[in-house]
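Since the structure comes first, as structure tokens, the remarks are kept for the end.
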Amino acid sequence: MSRIGLAARALRLTISRTHADPTADYDAASPSYDTYFSPVMGVHSLAALDEVLIRPGDDVLELACGTGHLTQEIVRRLGGRGSVRAVDKSPGMLAVARAKVEPEVELSPGIELSLEEGDMEEFLLARPTGSADLVVIGWAICYSKPARLLEQVRRVLRPGGRVVVIETRGDALKTLITQLEKVFAADPSLLTGLIRVSLPKDAATVARWFGKAGLTVDVQRDGHQLLPAETPEAALEWVQRSGAAAGFKDAVDQSREQYALDLIRDGLARQVAQHGPLELRHTFVVVTGRSPGGPADGSPVGGGSADAHRKEVGSA
Ligand SMILES: C[S@@+](CC[C@H](N)C(=O)[O-])C[C@H]1O[C@@H](n2cnc3c(N)ncnc32)[C@H](O)[C@@H]1O
């Protein structure tokens with residue numbers, strides 16, 4: 001079979017609206033997410049949080065909080081006063097977040113915390129207009145129609161309220177994605193659902209989404225992180241246990257999942273034999289901004305201009 005066969009299959013799945021849901025993969029990855037994803041990519045999430053003002057007393061909304069890696073840090077930065085309302089679709093991820101963050105909040109009676117299960121857009125639609133000081137979206141805007149979600153973000157923010165987005169770029173983990181595409185192209189029947197994610201090309205793409213939604217941009221930068229996975233086995237283990245392969249389980253014929261994984265591993269092994277150890281680069285973007293109006297005190301932390309923040313940041 002060819003790429004044409006794959007394209008035809010993808011078209012049929014699009015018409016029948018068969019889209020892969022990442023929730024099962026996140027549930028499965030929830031016990032290992034904080035061992036794999038958080039210590040590597042979560043470092044960049046915390047750095048993104050450094051770029052927005054968090055003040056004691058702030059009302060913060062967090063969309064797709066996952067295991068609460070950012071939630072815990074937001075609670076700490078509120079200095080004992082304020083609220084954090086977080087939502088996530090995966091019961092498994094939320095269970096980890098609850099076990100981690102709720103005991104900390106019990107020690108801070110001035111902090112109101114809610115961690116609810118649900119869809120982030122529906123969660124926003126239910127929030128009153130002009131009721132939040134900060135909205136945080138870590139590695140999840142790709143699971144939405146971004147401009148539509150950001151319009152709701154602008155609506156719920158108070159004038160001058162802040163928003164921070166960190167997201168994987170469309171060119172992330174290219175080596176692995178290329179192998180995955182080859183496997184599906186060779187046997188399109190393996191594909192039973194489409195992994196539909198709105199991964200941005202670069203930070204400028206997200207800045208444009210902000211503009212469409214009526215948000216101003218303070219910081220926009222691109223970055224990358226080399227993953228600690230130089231062998232095919234380590235690469236497959238990392239993407240599955242970190243949740244980075246979310247949607248795969250639901251997109252591939254369940255009865256042949258291991259067969260598909262073996263084909264991807266074999267393809268990666270051929271690549272290693274030819275070119276040496278794998279270099280899996282997780283590229284990402286960070287964009288912060290504000291809703292219009294309000295005092296001009298929500299400027300980038302560190303006081304730099306947006307231009308100064310446009311440089312690509314990389315970590316080996
Ligand atoms: C890569 S994890 C990021 C978790 C967390 N924000 C972090 O920074 O570690 C993506 C999360 O998005 C959640 N998610 C995906 N689609 C969602 C939706 N439509 N509504 C709410 N949560 C969603 C998943 O369940 C998962 O926990």
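To be explicit about the labels: the chains of the structure tokens are called A, B, and onward in the order shown, and within each one the residues are counted from 1, while ligands get numbers from 1 in the order they are shown.
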Counting only C-alpha atoms and all ligand atoms, what are the residues of chain A within 7 Å of ligand 1, and for each of them which pair of atoms is the nearest and at what distance in Å, to one decimal? Sort the table by chain and rising number, as JSON lines.
{"residue": "A:Pro22", "atom": "CA", "partner": "ligand 1", "partner_atom_place_in_ligand_line": "15 (C)", "distance": 6.4}
{"residue": "A:Thr23", "atom": "CA", "partner": "ligand 1", "partner_atom_place_in_ligand_line": "25 (O)", "distance": 5.3}
{"residue": "A:Tyr26", "atom": "CA", "partner": "ligand 1", "partner_atom_place_in_ligand_line": "25 (O)", "distance": 5.5}
{"residue": "A:Ser38", "atom": "CA", "partner": "ligand 1", "partner_atom_place_in_ligand_line": "9 (O)", "distance": 6.2}
{"residue": "A:Gly42", "atom": "CA", "partner": "ligand 1", "partner_atom_place_in_ligand_line": "9 (O)", "distance": 6.3}
{"residue": "A:Ser45", "atom": "CA", "partner": "ligand 1", "partner_atom_place_in_ligand_line": "8 (O)", "distance": 6.2}
{"residue": "A:Leu63", "atom": "CA", "partner": "ligand 1", "partner_atom_place_in_ligand_line": "21 (C)", "distance": 6.3}
{"residue": "A:Ala64", "atom": "CA", "partner": "ligand 1", "partner_atom_place_in_ligand_line": "22 (N)", "distance": 3.8}
{"residue": "A:Cys65", "atom": "CA", "partner": "ligand 1", "partner_atom_place_in_ligand_line": "6 (N)", "distance": 4.0}
{"residue": "A:Gly66", "atom": "CA", "partner": "ligand 1", "partner_atom_place_in_ligand_line": "27 (O)", "distance": 3.4}
{"residue": "A:Thr67", "atom": "CA", "partner": "ligand 1", "partner_atom_place_in_ligand_line": "9 (O)", "distance": 6.1}
{"residue": "A:Gly68", "atom": "CA", "partner": "ligand 1", "partner_atom_place_in_ligand_line": "5 (C)", "distance": 6.4}
{"residue": "A:His69", "atom": "CA", "partner": "ligand 1", "partner_atom_place_in_ligand_line": "9 (O)", "distance": 5.3}
{"residue": "A:Leu70", "atom": "CA", "partner": "ligand 1", "partner_atom_place_in_ligand_line": "8 (O)", "distance": 5.8}
{"residue": "A:Val87", "atom": "CA", "partner": "ligand 1", "partner_atom_place_in_ligand_line": "21 (C)", "distance": 6.0}
{"residue": "A:Asp88", "atom": "CA", "partner": "ligand 1", "partner_atom_place_in_ligand_line": "22 (N)", "distance": 3.7}
{"residue": "A:Lys89", "atom": "CA", "partner": "ligand 1", "partner_atom_place_in_ligand_line": "22 (N)", "distance": 4.1}
{"residue": "A:Ser90", "atom": "CA", "partner": "ligand 1", "partner_atom_place_in_ligand_line": "25 (O)", "distance": 4.1}
{"residue": "A:Met93", "atom": "CA", "partner": "ligand 1", "partner_atom_place_in_ligand_line": "27 (O)", "distance": 5.5}
{"residue": "A:Gly118", "atom": "CA", "partner": "ligand 1", "partner_atom_place_in_ligand_line": "21 (C)", "distance": 5.7}
{"residue": "A:Asp119", "atom": "CA", "partner": "ligand 1", "partner_atom_place_in_ligand_line": "20 (N)", "distance": 3.5}
{"residue": "A:Met120", "atom": "CA", "partner": "ligand 1", "partner_atom_place_in_ligand_line": "20 (N)", "distance": 3.9}
{"residue": "A:Glu121", "atom": "CA", "partner": "ligand 1", "partner_atom_place_in_ligand_line": "20 (N)", "distance": 6.7}
{"residue": "A:Ile137", "atom": "CA", "partner": "ligand 1", "partner_atom_place_in_ligand_line": "6 (N)", "distance": 6.2}
{"residue": "A:Gly138", "atom": "CA", "partner": "ligand 1", "partner_atom_place_in_ligand_line": "6 (N)", "distance": 3.9}
{"residue": "A:Trp139", "atom": "CA", "partner": "ligand 1", "partner_atom_place_in_ligand_line": "3 (C)", "distance": 4.7}
{"residue": "A:Ala140", "atom": "CA", "partner": "ligand 1", "partner_atom_place_in_ligand_line": "12 (O)", "distance": 4.8}
{"residue": "A:Tyr143", "atom": "CA", "partner": "ligand 1", "partner_atom_place_in_ligand_line": "16 (N)", "distance": 4.9}
{"residue": "A:Ser144", "atom": "CA", "partner": "ligand 1", "partner_atom_place_in_ligand_line": "19 (N)", "distance": 6.3}
{"residue": "A:Gly243", "atom": "CA", "partner": "ligand 1", "partner_atom_place_in_ligand_line": "1 (C)", "distance": 6.4}
{"residue": "A:Ala244", "atom": "CA", "partner": "ligand 1", "partner_atom_place_in_ligand_line": "1 (C)", "distance": 6.7}
Dump N, CA and C atoms for the selected residues as a compact mmCIF listing (two decimals), in the first residue's frame?
# COMPACT_ATOMS: atom_id res chain seq x y z
N PRO A 22 -7.39 11.17 23.24
CA PRO A 22 -6.15 10.88 23.96
C PRO A 22 -6.36 10.43 25.41
N THR A 23 -7.63 10.44 25.88
CA THR A 23 -7.86 10.22 27.32
C THR A 23 -7.35 8.85 27.79
N TYR A 26 -3.67 9.01 28.25
CA TYR A 26 -3.27 9.78 29.45
C TYR A 26 -3.60 9.01 30.73
N SER A 38 7.32 15.13 33.32
CA SER A 38 7.50 16.32 34.19
C SER A 38 8.96 16.69 34.45
N GLY A 42 8.63 19.35 31.92
CA GLY A 42 8.02 20.17 32.98
C GLY A 42 8.93 21.30 33.44
N SER A 45 7.86 24.08 31.50
CA SER A 45 6.56 24.59 31.94
C SER A 45 6.76 25.58 33.08
N LEU A 63 -6.29 25.05 32.57
CA LEU A 63 -6.98 24.13 31.65
C LEU A 63 -6.09 22.92 31.40
N ALA A 64 -6.65 21.72 31.51
CA ALA A 64 -5.92 20.47 31.28
C ALA A 64 -4.72 20.37 32.23
N CYS A 65 -5.02 20.33 33.51
CA CYS A 65 -3.97 20.39 34.55
C CYS A 65 -3.16 19.10 34.65
N GLY A 66 -3.63 18.01 34.06
CA GLY A 66 -2.88 16.75 34.09
C GLY A 66 -2.63 16.29 35.52
N THR A 67 -1.36 15.94 35.82
CA THR A 67 -1.03 15.44 37.15
C THR A 67 -0.77 16.56 38.15
N GLY A 68 -1.07 17.79 37.76
CA GLY A 68 -0.95 18.90 38.71
C GLY A 68 0.46 19.46 38.86
N HIS A 69 1.32 19.18 37.87
CA HIS A 69 2.70 19.68 37.94
C HIS A 69 2.72 21.21 38.06
N LEU A 70 1.92 21.87 37.19
CA LEU A 70 1.85 23.35 37.25
C LEU A 70 0.93 23.81 38.38
N VAL A 87 -9.12 21.96 35.50
CA VAL A 87 -9.95 20.94 34.86
C VAL A 87 -9.07 20.01 34.05
N ASP A 88 -9.46 18.76 33.95
CA ASP A 88 -8.79 17.82 33.04
C ASP A 88 -9.79 16.73 32.67
N LYS A 89 -9.57 16.17 31.49
CA LYS A 89 -10.49 15.15 30.98
C LYS A 89 -10.15 13.75 31.47
N SER A 90 -8.89 13.56 31.89
CA SER A 90 -8.45 12.20 32.24
C SER A 90 -8.60 11.94 33.74
N MET A 93 -5.12 11.09 35.33
CA MET A 93 -4.24 12.24 35.56
C MET A 93 -4.74 13.04 36.77
N GLY A 118 -13.47 17.10 33.24
CA GLY A 118 -14.32 17.61 32.17
C GLY A 118 -13.52 18.15 31.01
N ASP A 119 -14.25 18.69 30.05
CA ASP A 119 -13.63 19.26 28.85
C ASP A 119 -13.30 20.73 29.12
N MET A 120 -12.12 21.16 28.69
CA MET A 120 -11.67 22.51 29.05
C MET A 120 -12.52 23.62 28.43
N GLU A 121 -13.03 23.39 27.21
CA GLU A 121 -13.83 24.46 26.61
C GLU A 121 -15.18 24.59 27.33
N ILE A 137 -2.40 27.29 30.35
CA ILE A 137 -2.70 26.13 29.48
C ILE A 137 -1.37 25.45 29.14
N GLY A 138 -1.10 24.33 29.83
CA GLY A 138 0.17 23.63 29.63
C GLY A 138 0.01 22.41 28.75
N TRP A 139 0.64 22.44 27.58
CA TRP A 139 0.72 21.28 26.68
C TRP A 139 -0.67 20.73 26.32
N ALA A 140 -1.64 21.57 26.08
CA ALA A 140 -2.99 21.07 25.84
C ALA A 140 -3.81 21.91 24.88
N TYR A 143 -5.38 20.29 21.84
CA TYR A 143 -6.60 19.47 21.87
C TYR A 143 -7.87 20.31 21.73
N SER A 144 -7.70 21.54 21.25
CA SER A 144 -8.86 22.43 21.12
C SER A 144 -8.86 23.04 19.73
N GLY A 243 3.17 10.00 28.04
CA GLY A 243 1.91 10.52 27.48
C GLY A 243 2.11 11.21 26.15
N ALA A 244 3.39 11.32 25.69
CA ALA A 244 3.66 12.06 24.44
C ALA A 244 3.02 11.38 23.23
Sorted by chain and rising residue number, list the residues of region 85-169 of chain A at most 7 Å from region 197-219 of chain A (counting only C-alpha atoms), each with its closest atom pair and distance in Å to one decimal, as CSV.
residue,atom,partner,partner_atom,distance
A:Cys142,CA,A:Ser198,CA,4.3
A:Tyr143,CA,A:Val197,CA,5.5
A:Pro146,CA,A:Trp209,CA,6.6
A:Ala147,CA,A:Trp209,CA,5.1
A:Leu150,CA,A:Ala213,CA,5.6
A:Glu151,CA,A:Ala213,CA,4.5
A:Arg154,CA,A:Leu215,CA,6.5
A:Thr168,CA,A:Leu199,CA,6.4
A:Arg169,CA,A:Pro200,CA,5.2
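Considering only region 147-259 of chain A, backbone DSSP assigns strand (DSSP E) to Leu157, Arg158, Pro159, Gly160, Gly161, Arg162, Val163, Val164, Val165, Ile166, Glu167, Thr168, Thr216, Val217, Asp218, Val219, Gln220, Arg221, Asp222, Gly223, His224, Gln225 and Leu226 of chain A.
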Please produce a file of those selected residues containing C-alpha atoms, as an mmCIF file, in the first residue's frame.
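Output below, filename out-v4.cif:
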data_model
loop_
_atom_site.group_PDB
_atom_site.id
_atom_site.type_symbol
_atom_site.label_atom_id
_atom_site.label_comp_id
_atom_site.auth_asym_id
_atom_site.auth_seq_id
_atom_site.Cartn_x
_atom_site.Cartn_y
_atom_site.Cartn_z
ATOM 1 C CA LEU A 157 -10.233 37.233 32.039
ATOM 2 C CA ARG A 158 -10.577 40.506 33.944
ATOM 3 C CA PRO A 159 -9.307 43.549 31.996
ATOM 4 C CA GLY A 160 -5.519 43.199 31.866
ATOM 5 C CA GLY A 161 -5.744 39.550 33.013
ATOM 6 C CA ARG A 162 -2.898 37.274 31.881
ATOM 7 C CA VAL A 163 -2.645 34.026 29.920
ATOM 8 C CA VAL A 164 0.287 31.663 29.398
ATOM 9 C CA VAL A 165 0.471 28.873 26.841
ATOM 10 C CA ILE A 166 3.216 26.278 26.420
ATOM 11 C CA GLU A 167 2.750 23.782 23.594
ATOM 12 C CA THR A 168 4.582 21.219 21.499
ATOM 13 C CA THR A 216 -2.275 41.054 23.182
ATOM 14 C CA VAL A 217 1.083 39.224 23.213
ATOM 15 C CA ASP A 218 3.835 39.921 25.763
ATOM 16 C CA VAL A 219 6.255 37.040 25.213
ATOM 17 C CA GLN A 220 6.634 34.648 22.285
ATOM 18 C CA ARG A 221 9.511 32.239 22.052
ATOM 19 C CA ASP A 222 10.440 28.869 20.576
ATOM 20 C CA GLY A 223 12.469 26.243 22.411
ATOM 21 C CA HIS A 224 13.601 22.646 22.206
ATOM 22 C CA GLN A 225 14.646 19.800 24.465
ATOM 23 C CA LEU A 226 16.567 16.665 23.512
#
- Query: Near Val239 (chain A), within 9 Å and counting only C-alpha atoms, which residues show up once chain neighbours fewer than 5 positions away are dropped, as a ChimeraX atom specification?
  - Reply: /A:36-37,234,244-246
Deliver the residues from the most recent selection as a file, using N, CA and C atoms, as a PDB file, in the first residue's frame.
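again13.pdb, written as the output of this step:
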ATOM      1  N   TYR A  36       8.523  10.585  33.750  1.00  0.00           N
ATOM      2  CA  TYR A  36       9.048  10.764  32.393  1.00  0.00           C
ATOM      3  C   TYR A  36       8.875  12.205  31.902  1.00  0.00           C
ATOM      4  N   PHE A  37       7.631  12.684  31.804  1.00  0.00           N
ATOM      5  CA  PHE A  37       7.398  14.001  31.175  1.00  0.00           C
ATOM      6  C   PHE A  37       7.811  15.161  32.088  1.00  0.00           C
ATOM      7  N   ALA A 234      14.212   2.870  24.102  1.00  0.00           N
ATOM      8  CA  ALA A 234      14.065   3.983  25.052  1.00  0.00           C
ATOM      9  C   ALA A 234      13.103   5.041  24.498  1.00  0.00           C
ATOM     10  N   ALA A 244       3.392  11.325  25.691  1.00  0.00           N
ATOM     11  CA  ALA A 244       3.657  12.061  24.443  1.00  0.00           C
ATOM     12  C   ALA A 244       3.021  11.377  23.228  1.00  0.00           C
ATOM     13  N   ALA A 245       2.722  10.072  23.350  1.00  0.00           N
ATOM     14  CA  ALA A 245       2.094   9.372  22.217  1.00  0.00           C
ATOM     15  C   ALA A 245       0.577   9.350  22.377  1.00  0.00           C
ATOM     16  N   ALA A 246       0.042  10.278  23.166  1.00  0.00           N
ATOM     17  CA  ALA A 246      -1.397  10.266  23.455  1.00  0.00           C
ATOM     18  C   ALA A 246      -2.225  10.290  22.177  1.00  0.00           C
TER      19      ALA A 246
END
- Message: For Leu261 (chain A), find every residue with an atom within 12 Å (counting only C-alpha atoms), except residues of its own chain fewer than 5 positions away, and show them as JSON, numbers by chain.
- Response: {"A": [176, 179, 180, 183, 184, 190, 232, 233, 235, 236, 237, 239, 240, 245, 248, 249, 252, 253, 254, 255, 256, 266, 267, 268]}
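For region 150-196 of chain A, backbone-based DSSP assignment of helix (DSSP H, G or I) covers Leu150, Glu151, Gln152, Val153, Arg154, Arg155, Val156, Lys174, Thr175, Leu176, Ile177, Thr178, Gln179, Leu180, Glu181, Lys182, Val183, Phe184, Ala185, Ala186, Pro188, Ser189 and Leu190 of chain A.
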Saved selection, atoms kept: C-alpha atoms, as a short mmCIF file (atom, residue, chain, number, x, y, z; two decimals), in the first residue's frame:
data_model
loop_
_atom_site.label_atom_id
_atom_site.label_comp_id
_atom_site.auth_asym_id
_atom_site.auth_seq_id
_atom_site.Cartn_x
_atom_site.Cartn_y
_atom_site.Cartn_z
CA LEU A 150 -8.65 31.67 23.41
CA GLU A 151 -11.77 33.78 22.73
CA GLN A 152 -13.30 32.18 25.82
CA VAL A 153 -10.04 32.80 27.69
CA ARG A 154 -10.31 36.52 26.82
CA ARG A 155 -13.96 36.57 27.93
CA VAL A 156 -13.28 35.05 31.36
CA LYS A 174 10.27 14.26 13.75
CA THR A 175 12.38 11.08 13.61
CA LEU A 176 9.68 9.12 15.38
CA ILE A 177 6.73 10.66 13.53
CA THR A 178 8.40 9.85 10.19
CA GLN A 179 8.61 6.16 11.19
CA LEU A 180 5.00 6.18 12.37
CA GLU A 181 3.87 7.64 9.03
CA LYS A 182 5.88 4.99 7.14
CA VAL A 183 4.19 2.20 9.12
CA PHE A 184 0.70 3.60 8.48
CA ALA A 185 1.53 4.24 4.80
CA ALA A 186 2.67 0.61 4.39
CA PRO A 188 -3.32 1.94 6.20
CA SER A 189 -5.69 -0.65 7.73
CA LEU A 190 -3.71 -0.22 10.98
#
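The two atoms in question, CA of Val60 (chain A) and CA of Ser242 (chain A), are spaced 25.8 Å apart.
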- Message: Excluding Ala251 (chain A) and its own-chain neighbours fewer than 5 positions away, which residues fall within 8 Å of it when counting only C-alpha atoms? Please give them as JSON, numbers by chain.
- Response: {"A": [19, 20, 191, 192, 193, 194, 195]}
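Picture a line from CA of Ala48 (chain A) to CA of Asp21 (chain A); it runs 26.8 Å.
Shortest separation to Ala28 (chain A) among A:Val96, A:Ala229, A:Leu113, A:Val101 occurs at residue A:Val96, atoms counted being only C-alpha atoms.
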